[in-house]
$ cat run_10.txt   # compact mmCIF, C-alpha atoms
# COMPACT_ATOMS: atom_id res chain seq x y z
CA MET A 260 48.95 17.82 37.36
CA ARG A 261 49.57 15.44 34.45
CA SER A 262 47.47 12.29 34.61
CA VAL A 263 48.25 9.81 31.81
CA VAL A 264 47.99 6.02 31.54
CA ALA A 265 51.20 4.61 30.03
CA GLU A 266 51.16 2.50 26.87
CA PRO A 267 51.18 -1.27 27.57
CA THR A 268 54.33 -3.20 26.76
CA ALA A 269 53.03 -6.78 27.03
CA PRO A 270 49.74 -8.73 27.16
CA THR A 271 47.65 -8.18 30.29
CA LEU A 272 46.06 -11.65 30.12
CA PRO A 273 47.94 -14.98 30.00
CA LEU A 274 47.01 -17.50 27.32
CA HIS A 275 45.60 -20.09 29.74
CA LYS A 276 42.95 -17.64 30.97
CA LEU A 277 41.56 -16.79 27.56
CA ALA A 278 39.28 -19.81 26.99
CA PRO A 279 37.71 -21.01 30.26
CA GLU A 280 36.37 -24.25 28.83
CA ALA A 281 34.74 -25.55 32.01
CA ALA A 282 32.50 -22.49 32.25
CA LEU A 283 31.43 -22.78 28.60
CA ARG A 284 31.15 -26.53 28.12
CA ARG A 285 27.35 -26.53 28.07
CA LEU A 286 26.99 -23.61 25.69
CA GLU A 287 26.94 -23.50 21.92
CA LEU A 288 26.97 -20.53 19.59
CA THR A 289 24.02 -20.99 17.25
CA ILE A 290 23.73 -19.64 13.73
CA VAL A 291 20.48 -17.63 13.66
CA ARG A 292 20.05 -16.19 10.21
CA ARG A 293 19.69 -18.04 6.93
CA LEU A 294 22.89 -18.44 4.92
CA GLU A 295 21.07 -19.54 1.77
CA GLY A 296 21.50 -23.24 2.45
CA PHE A 297 25.30 -23.18 2.65
CA LEU A 298 25.42 -24.39 6.27
CA HIS A 299 23.72 -27.59 7.35
CA GLY A 300 23.79 -30.29 10.00
CA ASP A 301 24.89 -28.77 13.29
CA HIS A 302 24.68 -25.27 11.78
CA GLN A 303 21.08 -24.94 10.68
CA GLY A 304 19.74 -21.90 8.88
CA LEU A 305 16.12 -20.84 8.81
CA LEU A 306 15.40 -23.04 5.80
CA PRO A 307 17.09 -26.20 4.53
CA GLY A 308 19.27 -25.91 1.46
CA PRO A 309 21.29 -28.06 -0.93
CA GLY A 310 24.50 -29.79 0.08
CA SER A 311 27.60 -30.27 -2.02
CA GLU A 312 27.94 -34.08 -2.23
CA SER A 313 25.58 -36.40 -4.11
CA SER A 314 23.74 -39.06 -2.18
CA ASP A 315 21.10 -41.69 -3.07
CA ALA A 316 18.31 -41.33 -5.59
CA ARG A 317 14.70 -41.58 -4.45
CA VAL A 318 11.21 -41.27 -5.94
CA TYR A 319 10.20 -37.73 -6.83
CA VAL A 320 7.46 -36.26 -4.58
CA PRO A 321 5.35 -33.67 -6.47
CA GLY A 322 5.06 -30.36 -4.66
CA GLN A 323 7.96 -31.09 -2.28
CA ASP A 324 11.01 -31.81 -4.42
CA ASP A 325 12.87 -29.41 -6.65
CA VAL A 326 12.66 -30.53 -10.29
CA ARG A 327 16.23 -29.25 -10.75
CA LYS A 328 17.38 -32.21 -8.64
CA MET A 329 15.84 -34.68 -11.05
CA ASP A 330 18.08 -37.69 -11.80
CA TRP A 331 17.26 -38.30 -15.44
CA ALA A 332 19.41 -41.42 -15.77
CA VAL A 333 17.54 -43.25 -12.98
CA THR A 334 14.23 -41.88 -14.25
CA ALA A 335 14.91 -43.28 -17.73
CA ARG A 336 15.87 -46.72 -16.39
CA THR A 337 12.91 -47.07 -14.04
CA THR A 338 10.33 -45.02 -15.97
CA VAL A 339 9.49 -43.45 -12.57
CA PRO A 340 10.64 -39.88 -11.78
CA HIS A 341 13.55 -39.86 -9.31
CA VAL A 342 15.52 -37.06 -7.65
CA ARG A 343 19.08 -37.17 -6.33
CA ASP A 344 19.56 -36.12 -2.69
CA THR A 345 22.68 -34.35 -1.51
CA ILE A 346 24.75 -34.74 1.63
CA ALA A 347 24.66 -31.66 3.85
CA ASP A 348 27.91 -29.93 4.66
CA ARG A 349 28.67 -29.73 8.41
CA GLU A 350 31.67 -27.45 8.39
CA LEU A 351 31.41 -23.88 9.60
CA GLU A 352 34.11 -21.34 8.87
CA VAL A 353 34.49 -18.54 11.41
CA TRP A 354 36.69 -15.49 10.82
CA ALA A 355 37.49 -12.89 13.47
CA LEU A 356 38.76 -9.38 12.75
CA LEU A 357 40.73 -7.96 15.70
CA ASP A 358 41.29 -4.20 15.85
CA VAL A 359 44.68 -3.47 17.47
CA THR A 360 44.87 0.26 16.70
CA PRO A 361 46.24 2.51 19.49
CA SER A 362 42.82 3.26 21.02
CA MET A 363 42.54 -0.46 21.90
CA ASN A 364 45.58 -0.19 24.23
CA TRP A 365 43.51 1.64 26.83
CA GLY A 366 42.60 -0.15 30.05
CA THR A 367 42.22 0.95 33.68
CA GLU A 368 40.94 -2.27 35.28
CA GLY A 369 44.01 -4.50 34.92
CA VAL A 370 43.22 -5.52 31.33
CA THR A 371 43.39 -3.57 28.08
CA LYS A 372 40.59 -3.42 25.55
CA ARG A 373 42.84 -5.19 23.08
CA ASP A 374 43.38 -8.20 25.35
CA LEU A 375 39.70 -8.25 26.31
CA GLY A 376 38.96 -8.49 22.59
CA ILE A 377 41.32 -11.47 22.27
CA ALA A 378 39.57 -13.08 25.25
CA ALA A 379 36.24 -12.62 23.44
CA ILE A 380 37.68 -14.25 20.30
CA ALA A 381 38.96 -17.15 22.43
CA THR A 382 35.56 -17.65 24.03
CA ILE A 383 33.69 -17.49 20.71
CA GLY A 384 36.27 -19.78 19.15
CA PHE A 385 35.68 -22.39 21.83
CA LEU A 386 31.89 -22.10 21.49
CA SER A 387 32.03 -22.55 17.71
CA GLN A 388 34.30 -25.62 17.77
CA LYS A 389 32.45 -28.49 16.11
CA MET A 390 33.38 -31.33 13.81
CA GLY A 391 35.64 -29.94 11.11
CA ASP A 392 34.93 -26.29 11.94
CA ARG A 393 37.70 -23.87 11.04
CA PHE A 394 38.64 -20.61 12.79
CA GLY A 395 40.78 -17.89 11.22
CA GLY A 396 41.66 -14.32 12.01
CA LEU A 397 42.70 -10.94 10.69
CA VAL A 398 44.75 -8.57 12.86
CA MET A 399 44.21 -4.98 11.78
CA ARG A 400 46.98 -2.46 12.48
CA PRO A 401 46.92 1.09 11.05
CA ASP A 402 49.79 0.21 8.70
CA MET A 403 48.97 -3.39 7.76
CA ILE A 404 46.51 -6.28 8.08
CA LYS A 405 47.86 -9.69 9.04
CA ARG A 406 45.97 -12.80 7.99
CA LEU A 407 46.03 -15.87 10.25
CA PRO A 408 44.82 -18.84 8.14
CA ALA A 409 41.68 -20.72 9.18
CA ARG A 410 42.37 -24.14 10.67
CA SER A 411 40.34 -26.67 12.63
CA GLY A 412 41.01 -28.09 16.06
CA ARG A 413 41.71 -26.82 19.56
CA THR A 414 45.48 -26.70 19.03
CA ALA A 415 45.10 -24.47 15.98
CA LEU A 416 42.78 -22.14 17.91
CA TYR A 417 45.31 -21.74 20.72
CA GLY A 418 48.03 -21.11 18.15
CA LEU A 419 45.95 -18.30 16.64
CA LEU A 420 45.33 -16.78 20.08
CA ARG A 421 49.04 -16.95 20.91
CA ARG A 422 49.90 -15.06 17.74
CA MET A 423 47.30 -12.40 18.56
CA LEU A 424 48.65 -12.00 22.10
CA THR A 425 52.24 -11.69 20.94
CA GLU A 426 51.44 -9.21 18.17
CA PRO A 427 53.60 -6.12 18.92
CA ILE A 428 51.82 -3.26 20.65
CA VAL A 429 50.94 -0.47 18.23
CA SER A 430 52.47 2.78 19.49
CA ASP A 431 50.39 5.93 19.89
CA HIS A 432 50.02 8.13 16.80
CA THR A 433 50.97 5.28 14.44
CA THR A 434 49.52 6.12 11.05
CA GLY A 435 48.69 4.05 8.02
CA PRO A 436 46.13 3.43 5.28
CA TYR A 437 43.91 1.05 7.25
CA SER A 438 40.88 2.01 9.32
CA LEU A 439 38.11 -0.18 10.69
CA ALA A 440 36.09 0.32 7.51
CA GLU A 441 38.99 -0.91 5.35
CA GLY A 442 39.54 -3.87 7.69
CA ILE A 443 35.90 -4.95 7.45
CA GLU A 444 35.96 -4.56 3.66
CA ARG A 445 39.11 -6.69 3.49
CA LEU A 446 37.36 -9.39 5.53
CA ALA A 447 34.30 -9.31 3.25
CA ARG A 448 36.36 -9.26 0.07
CA THR A 449 39.00 -11.92 0.78
CA GLU A 450 37.07 -14.51 2.82
CA ARG A 451 34.40 -15.46 0.32
CA ARG A 452 33.12 -18.65 1.93
CA ARG A 453 29.93 -17.89 3.82
CA GLY A 454 29.89 -18.44 7.57
CA MET A 455 30.22 -16.47 10.77
CA ARG A 456 32.23 -13.25 10.99
CA VAL A 457 33.26 -11.67 14.30
CA VAL A 458 34.41 -8.04 14.38
CA VAL A 459 36.15 -7.05 17.64
CA SER A 460 36.80 -3.34 18.16
CA ASP A 461 35.89 -0.29 20.21
CA PHE A 462 34.34 1.01 16.94
CA LEU A 463 35.82 4.49 17.51
CA THR A 464 36.89 6.47 14.44
CA PRO A 465 39.75 8.97 14.93
CA GLY A 466 38.58 12.56 14.50
CA ASP A 467 34.88 11.62 14.35
CA PHE A 468 33.03 13.81 16.86
CA GLU A 469 29.51 13.22 15.48
CA LEU A 470 26.98 12.26 18.20
CA ASP A 471 23.75 12.04 16.17
CA ALA A 472 22.67 8.38 16.06
CA ASN A 473 20.93 8.98 12.72
CA VAL A 474 24.24 9.85 11.01
CA PRO A 475 25.95 6.66 9.72
CA THR A 476 29.41 5.86 11.00
CA GLU A 477 32.36 5.51 8.64
CA TRP A 478 32.31 1.71 8.91
CA GLU A 479 28.53 1.12 8.72
CA ARG A 480 28.45 0.56 4.97
CA ALA A 481 31.30 -1.97 5.16
CA MET A 482 29.57 -3.80 8.01
CA ARG A 483 26.33 -3.94 6.02
CA HIS A 484 28.25 -5.38 3.07
CA LEU A 485 29.78 -8.04 5.31
CA ALA A 486 26.39 -8.98 6.77
CA ILE A 487 24.83 -9.63 3.35
CA ARG A 488 26.56 -13.00 2.97
CA ASN A 489 27.45 -13.88 6.57
CA GLN A 490 26.25 -14.13 10.13
CA VAL A 491 28.00 -11.15 11.77
CA LEU A 492 28.72 -10.67 15.47
CA ALA A 493 30.10 -7.29 16.55
CA VAL A 494 31.98 -7.37 19.86
CA GLU A 495 32.33 -3.84 21.22
CA VAL A 496 35.00 -3.56 23.92
CA VAL A 497 34.98 -0.56 26.25
CA ASP A 498 36.72 0.56 29.42
CA SER A 499 34.62 1.60 32.40
CA HIS A 500 36.23 5.06 32.51
CA GLU A 501 35.28 5.70 28.88
CA ILE A 502 31.63 5.51 29.88
CA GLY A 503 31.66 7.16 33.31
CA PHE A 504 34.41 9.69 34.05
CA PRO A 505 35.71 9.53 37.65
CA ASP A 506 36.18 12.51 39.95
CA VAL A 507 40.00 12.67 40.04
CA GLY A 508 40.63 16.38 39.66
CA ASP A 509 42.51 17.73 36.63
CA LEU A 510 42.78 15.03 33.96
CA LEU A 511 44.54 15.13 30.60
CA ILE A 512 42.18 13.75 27.96
CA ARG A 513 44.36 12.50 25.08
CA ASP A 514 43.45 10.74 21.84
CA PRO A 515 46.19 8.16 21.06
CA GLU A 516 45.36 8.25 17.34
CA THR A 517 45.23 12.02 16.77
CA ASP A 518 46.90 15.14 18.19
CA PHE A 519 43.90 16.03 20.37
CA GLU A 520 44.81 16.82 24.01
CA ARG A 521 42.83 18.76 26.59
CA TYR A 522 42.86 19.15 30.36
CA VAL A 523 39.48 18.70 32.03
CA ASN A 524 38.61 19.34 35.66
CA THR A 525 36.71 16.18 36.50
CA SER A 526 35.84 17.59 39.93
CA ASP A 527 33.47 19.95 38.09
CA GLU A 528 30.18 18.08 38.17
CA ALA A 529 28.78 19.96 35.17
CA ALA A 530 31.83 19.15 33.04
CA ARG A 531 31.69 15.51 34.09
CA SER A 532 28.00 15.32 33.20
CA ARG A 533 28.65 16.75 29.75
CA MET A 534 31.42 14.21 29.10
CA ASP A 535 29.24 11.33 30.30
CA ALA A 536 26.37 12.49 28.06
CA ALA A 537 28.70 12.74 25.05
CA SER A 538 30.08 9.26 25.74
CA ALA A 539 26.54 7.83 26.04
CA ALA A 540 25.54 9.47 22.74
CA GLN A 541 28.66 8.08 21.07
CA ARG A 542 27.85 4.53 22.21
CA GLU A 543 24.23 4.89 21.13
CA ARG A 544 25.40 5.90 17.66
CA ILE A 545 27.56 2.76 17.51
CA ARG A 546 24.59 0.60 18.58
CA ALA A 547 22.33 2.23 15.98
CA SER A 548 24.88 1.71 13.19
CA LEU A 549 25.34 -1.97 14.05
CA ARG A 550 21.58 -2.46 14.21
CA ARG A 551 21.09 -0.86 10.78
CA ALA A 552 23.91 -3.01 9.39
CA GLY A 553 22.17 -6.20 10.54
CA ALA A 554 24.92 -7.34 12.92
CA ALA A 555 24.39 -8.94 16.31
CA HIS A 556 25.96 -6.79 19.02
CA ILE A 557 27.51 -7.51 22.39
CA GLN A 558 29.33 -4.99 24.58
CA LEU A 559 32.13 -6.18 26.86
CA ARG A 560 33.67 -4.03 29.59
CA THR A 561 37.10 -4.27 31.18
CA ASP A 562 35.58 -4.07 34.68
CA ARG A 563 33.20 -7.02 34.23
CA ASP A 564 33.43 -10.79 33.76
CA TRP A 565 33.54 -11.27 29.99
CA VAL A 566 32.71 -15.00 30.29
CA HIS A 567 29.47 -14.22 32.12
CA ASP A 568 28.50 -11.52 29.61
CA ILE A 569 29.18 -13.74 26.59
CA ALA A 570 27.38 -16.71 28.19
CA ARG A 571 24.32 -14.56 28.84
CA PHE A 572 24.42 -13.26 25.26
CA VAL A 573 24.74 -16.78 23.80
CA LEU A 574 21.81 -18.09 25.85
CA SER A 575 19.67 -15.22 24.60
CA TYR A 576 20.91 -15.88 21.06
CA ARG A 577 19.93 -19.55 21.32
CA ARG A 578 16.41 -18.65 22.40
CA THR A 579 16.14 -16.36 19.37
CA ALA A 580 17.44 -19.13 17.10
CA ALA A 581 14.99 -21.65 18.56
CA MET A 582 12.05 -19.34 17.85
CA LEU A 583 13.25 -18.55 14.32
CA HIS A 584 13.83 -22.20 13.46
CA GLN A 585 10.28 -23.19 14.44
CA PRO A 586 7.89 -23.55 11.49
CA PRO A 587 5.01 -21.08 11.22
CA GLN A 588 1.75 -21.95 12.95
CA GLY A 589 -0.21 -24.56 11.08
CA VAL A 590 2.89 -25.89 9.28
CA SER A 591 4.33 -29.26 10.31
CA THR A 592 7.89 -30.39 9.64
$ encode --input "run_10.txt" --output "structure tokens"
Amino acid sequence: MRSVVAEPTAPTLPLHKLAPEAALRRLELTIVRRLEGFLHGDHQGLLPGPGSESSDARVYVPGQDDVRKMDWAVTARTTVPHVRDTIADRELEVWALLDVTPSMNWGTEGVTKRDLGIAAIATIGFLSQKMGDRFGGLVMRPDMIKRLPARSGRTALYGLLRRMLTEPIVSDHTTGPYSLAEGIERLARTERRRGMRVVVSDFLTPGDFELDANVPTEWERAMRHLAIRNQVLAVEVVDSHEIGFPDVGDLLIRDPETDFERYVNTSDEAARSRMDAASAAQRERIRASLRRAGAAHIQLRTDRDWVHDIARFVLSYRRTAAMLHQPPQGVST
């Protein structure tokens, strides 16, 4: 018996279902880690930092003010040391990298991993919409990387999502020079303005059969490089039957990105247990690599409500941010 899921030919989710605004209206995606003072206002880091626009001069306070902000002209006129304040920037730039390689076309619950990833980008895009915030994207195919410029506003966000949804499906066995590691490096290299970076993928590397969580993945170094200057959120999308194999008799296991094919008797409990254990070890290696790289990690499944999972993650993230933004004991703000 030949059991194969056909390649998708069109999006499995309509545009109007990607950003359920009513369910997310009360949530906000909070920046947790310090971005060296480059984000201010609504996007607070762990410590305050300088802005980019000059503001009013005020009297210098010894021990609190940075002498590098000294306004020597005002100081000379008044004979009293003054410093020049700056106006904090309020704009946050978010960039999302969407992996659309053939392995992302898989889906057995009415939605493909690729479209679930676009839904995650839509949800995060809505959560990060603030005054002047800009959202841009990179679509990574094996043969090319498409850049969707960052723009502000709800209309621009929906335009970006529409272009992602209508991106042609990548056929199985399509080859090219780009892998997830190259896509992440491109994102780190070309988008130099610090902010939030979202990487959406199944994080599977063709031909990589390593299961030891202590062995770095191919893309771990690139992810660590990206996380040096940015807040990074890794969205791992999986299908339920990639984690737990069903008992459906003889099944053809096929890798859409390599030539690997093998029939497996899923009615054999021992064989099914070995496949489930290998899948669990593979996912644990992905989690360990993301943790070592310093990226926040959320896993979305095609058989679950992605809005609920993202909302739960964001609420947990906000609690972490609230604790990190509090001053140490004995220090008042």
$ atom_distance --input "run_10.txt" --atom1 "CA of Val507 in chain A" --atom2 "CA of Ser526 in chain A"
6.4 Å
$ atom_distance --input "run_10.txt" --atom1 "CA of Lys328 in chain A" --atom2 "CA of His341 in chain A"
8.6 Å
$ closest_residue --input "run_10.txt" --among "A:His556, A:Arg550, A:Leu375, A:Glu528" --to "Val573 in chain A" --atoms "only C-alpha atoms"
A:His556
$ residues_around --input "run_10.txt" --residues "Thr338 in chain A" --least-positions-apart "5" --cutoff "12 Å" --atoms "only C-alpha atoms" --output "VMD selection string"
chain A and resid 318 to 319 330 to 333
$ closest_residue --input "run_10.txt" --among "A:Asp392, A:Glu469, A:Asp562, A:Glu426" --to "Leu407 in chain A" --atoms "only C-alpha atoms"
A:Glu426
$ atom_distance --input "run_10.txt" --atom1 "CA of Pro475 in chain A" --atom2 "CA of Gly435 in chain A"
23.0 Å
$ closest_residue --input "run_10.txt" --among "A:Gly418, A:Gly396, A:Gly366, A:Pro436" --to "Ile380 in chain A" --atoms "only C-alpha atoms"
A:Gly396
$ axis_aligned_box --input "run_10.txt" --around "range 428-437 of chain A" --padding-each-side "6 Å" --output "JSON"
{"center_x": 48.2, "center_y": 2.4, "center_z": 13.0, "size_x": 20.6, "size_y": 23.4, "size_z": 27.4}
